[in-house]
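Visitor: Got a structure here, written out as structure tokens. Questions coming.
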Amino acid sequence: MLQRRGLWIIVVFVLLGAGLFFLKKKSIESLQNTAQKSVASLTATTSTPQILEFLPTDIVTVASTDIQKTLTLSGALRAMNQSAVKAKVAAEVREVLVREGEAVQVGQVLVKMDSTEYDAKLEQARGALKAAQGQLDIAKQTRDNNKALLDKNFISANAFDNGVNQYAIAAANVDSAKGALSVAQKALADTIVKSPIAGLVSVRSVQPGEKVSPDNRLLDIVDLRVLEMEAAVPSQDIASIKLGQQVTLKVEGIATAIVGKVTRINPAVQSGSRSIMTYIQVANTDGQVKAGVFAEAQLALDKKSDVMTIPQTALQYDGNKTFVYAIENNVLQQKNVTLGLQGESNGTASVEVLSGLAKDAQIVKANLGSLRSGVAVKVLQAAVQTNSKG
């Protein structure tokens with residue numbers, strides 16, 4: 001019995017070992033099959049050619065266009081001819097005949113002041129002049145009489161000289177009285193304030209009944225027919241600016257651009273900014289542009305016509321090399337380019353291409369980062385939307 005039991009135990013262990021061996025073999029075969037499938041899949045993926053897809057908006061064709069380098073300047077437009085009307089005498093304001101926005105002409109009465117005091121001073125000056133004139137007449141008669149008496153030796157030469165001196169003093173008093181009369185007349189005239197220029201009233205600083213003193217500001221008048229913009233130009237660009245050069249301005253609140261010209265260039269550099277003040281004049285005969293509005297000026301520094309240009313967004317850099325990605329025979333190629341003038345072409349920031357690209361070449365318009373040369377390229381067609389009727 002013991003021998004038979006030991007035999008059964010041995011048989012059981014043999015069967016267990018055989019089962020374990022079979023299971024291990026199946027697991028190894030399964031792993032091998034999985035690995036073979038992965039390798040086959042990777043091989044199939046690798047063998048499939050890679051294609052880069054672009055939208056039509058990602059591609060641009062190299063063409064010959066005009067390009068210009070512009071300098072953008074900004075500032076406020078001010079009236080070339082403007083006037084601050086101030087009081088010249090101390091008086092009470094009786095009438096203010098204009099308001100903001102009204103047009104005035106040269107010599108038009110703007111403000112009337114109380115002239116009572118100045119009327120009295122004028123009469124006083126006239127009376128003083130009459131008195132001085134009477135004294136002069138008496139002195140003249142005395143001098144003439146003394147001359148006759150001197151000729152007959154009835155008076156001494158010293159007495160005659162005194163008479164001459166009295167006449168000179170009387171004549172000087174007349175001149176002084178005439179000057180005082182002129183001052184009184186001017187003071188009276190200054191109580192009527194007139195416009196020194198033709199234009200529009202921009203500021204009214206006084207009301208009837210106010211007492212003003214000399215140099216008090218009463219009104220501001222601007223002539224909008226000619227406006228001027230003061231702009232700071234970097235010193236390195238000033239050599240490209242000439243008197244009479246045309247400038248295109250975009251004015252705040254006005255849809256269409258207007259044209260101006262450079263009329264003055266400051267001869268000195270500003271110490272703080274190292275820039276030079278340049279003055280741009282704009283004709284404004286219709287008064288469409290108002291004084292004080294903000295404007296942006298585009299000043300052309302250089303210009304070339306009929307040259308090959310590409311958008312600046314297409315450029316990429318690798319050290320000292322500049323290149324673009326071009327599409328040749330549906331394959332992406334890296335092309336080193338030599339650049340010329342950088343500026344604006346048809347409203348787009350562009351750059352002139354001197355070498356490296358042929359006309360009508362297709363390039364990638366935007367900087368999409370590092371791409372691989374030699375990759376096949378496919379340009380997708382824009383989707384066409386259709387309306388179906390049911």
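Chain identifiers are assigned as A, B, and so on, following the order in which chains appear in the structure tokens; residues are numbered from 1 within each chain, and ligands are numbered from 1 in order of appearance.
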So that I can see what lies close to Ile241 in chain A, please list as a PyMOL selection string the residues with an atom at most 9 Å from it, counting only C-alpha atoms and leaving out residues fewer than 2 positions away in the same chain.
Guide: chain A and resi 237-239+243+245+262+265+299-301
Visitor: For C-alpha atoms, I'd like the residues from the last selection saved as a PDB file, in the first residue's frame.
Guide:
ATOM      1  CA  ASP A 237      16.217 109.424 -39.263  1.00  0.00           C
ATOM      2  CA  ILE A 238      16.340 113.210 -39.591  1.00  0.00           C
ATOM      3  CA  ALA A 239      18.674 113.062 -42.624  1.00  0.00           C
ATOM      4  CA  LEU A 243      11.408 120.467 -46.263  1.00  0.00           C
ATOM      5  CA  GLN A 245       8.181 116.404 -48.087  1.00  0.00           C
ATOM      6  CA  VAL A 262       7.082 119.230 -43.652  1.00  0.00           C
ATOM      7  CA  ILE A 265      12.793 121.373 -38.831  1.00  0.00           C
ATOM      8  CA  LEU A 299       6.455 109.868 -43.239  1.00  0.00           C
ATOM      9  CA  ALA A 300       8.104 108.003 -46.136  1.00  0.00           C
ATOM     10  CA  LEU A 301      11.866 107.698 -45.570  1.00  0.00           C
TER      11      LEU A 301
END
Visitor: Can you list, as an MDAnalysis selection string, all residues belonging to range 235-312 of chain A that DSSP tags as strand (DSSP E or B)?
Guide: chainID A and resid 246:251 258:265 275:283 294:311
Visitor: Of the candidates A:Glu352, A:Gln236, A:Gln68, A:Arg78, which shows the shortest atom-to-atom distance to Ser275 in chain A, using only C-alpha atoms?
Guide: A:Gln236
Visitor: As an exercise, work out the distance from CA of Ile258 in chain A to CA of Gly101 in chain A in Å and give it to one decimal place.
Guide: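 About the pair CA of Ile258 in chain A and CA of Gly101 in chain A: they are 23.5 Å apart.
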Visitor: Just list the residues in range 152-252 of chain A DSSP gives helix (DSSP H, G or I) on the backbone, as a PyMOL selection string.
Guide: chain A and resi 157-189+238-240
Visitor: List the neighbours of Ser205 in chain A out to 7 Å using only C-alpha atoms; skip same-chain residues closer than 6 positions along the sequence, and give me the result as a count of residues only.
Guide: 3
Visitor: As a count of residues only, please: the residues near Val203 in chain A (cut-off 8 Å, only C-alpha atoms, same-chain neighbours under 6 positions excluded).
Guide: 5
Visitor: What is the CA of Pro208 in chain A to CA of Arg94 in chain A distance in Å?
Guide: 5.1 Å
Visitor: Of the residues A:Glu328, A:Glu228, A:Asp175, A:Asp151, which is the one nearest to Lys130 in chain A, using only C-alpha atoms?
Guide: A:Asp175
Visitor: Could you name the residues that touch Val109 in chain A at 7 Å or less, counting only C-alpha atoms, but leaving out those on the same chain fewer than 5 positions away, as a list in words?
Guide: Ile192, Val193, Lys194 and Ser195 of chain A
Visitor: May I have the residues within 7 Å of Ala125 in chain A as a list in words, using only C-alpha atoms and disregarding those fewer than 2 positions away in the same chain?
Guide: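 After dropping sequence-adjacent residues, the list is Lys121, Leu122, Glu123, Gly127, Ala128, Leu129, Ala177, Ala180, Leu181 and Ala184 of chain A.
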Visitor: Go ahead and dump the residues you just picked, C-alpha atoms, as a PDB file, in the first residue's frame.
Guide:
ATOM      1  CA  LYS A 121      -9.448 161.273 -18.340  1.00  0.00           C
ATOM      2  CA  LEU A 122      -9.587 162.108 -22.022  1.00  0.00           C
ATOM      3  CA  GLU A 123     -11.395 165.409 -21.305  1.00  0.00           C
ATOM      4  CA  GLY A 127      -8.001 170.590 -20.999  1.00  0.00           C
ATOM      5  CA  ALA A 128      -4.370 170.217 -19.946  1.00  0.00           C
ATOM      6  CA  LEU A 129      -3.310 170.510 -23.575  1.00  0.00           C
ATOM      7  CA  ALA A 177       0.180 167.433 -22.813  1.00  0.00           C
ATOM      8  CA  ALA A 180      -0.930 162.559 -22.237  1.00  0.00           C
ATOM      9  CA  LEU A 181      -3.829 163.154 -24.608  1.00  0.00           C
ATOM     10  CA  ALA A 184      -5.941 158.921 -22.753  1.00  0.00           C
TER      11      ALA A 184
END
Visitor: So how many Å separate CA of Ile67 in chain A and CA of Arg274 in chain A, to one decimal?
Guide: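 Answer for the CA of Ile67 in chain A to CA of Arg274 in chain A separation: 28.3 Å.
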Visitor: Could you check the closest approach to Ile276 in chain A for each of A:Ser235, A:Val247, A:Ala148, A:Ala295 and tell me which residue wins, using only C-alpha atoms?
Guide: A:Ser235
Visitor: Pick out the residues sitting within 9 Å of Gly287 in chain A, and hand them over as a PDB file with C-alpha atoms, in the first residue's frame; count only C-alpha atoms, and ignore anything fewer than 2 positions along from it in its own chain.
Guide:
ATOM      1  CA  LEU A 224      -8.431 126.573 -38.525  1.00  0.00           C
ATOM      2  CA  ARG A 225      -7.505 127.178 -42.162  1.00  0.00           C
ATOM      3  CA  VAL A 226      -3.949 125.979 -41.529  1.00  0.00           C
ATOM      4  CA  ASN A 284      -7.788 122.732 -43.611  1.00  0.00           C
ATOM      5  CA  THR A 285      -9.770 125.131 -45.759  1.00  0.00           C
ATOM      6  CA  VAL A 289     -10.247 119.078 -38.690  1.00  0.00           C
ATOM      7  CA  LYS A 290     -10.484 120.719 -35.287  1.00  0.00           C
TER       8      LYS A 290
END
Visitor: Just checking: using only C-alpha atoms, which residue out of A:Val351, A:Val282, A:Leu150, A:Leu71 ends up closest to Thr309 in chain A?
Guide: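 Distance minimum relative to Thr309 in chain A lands on A:Val351.
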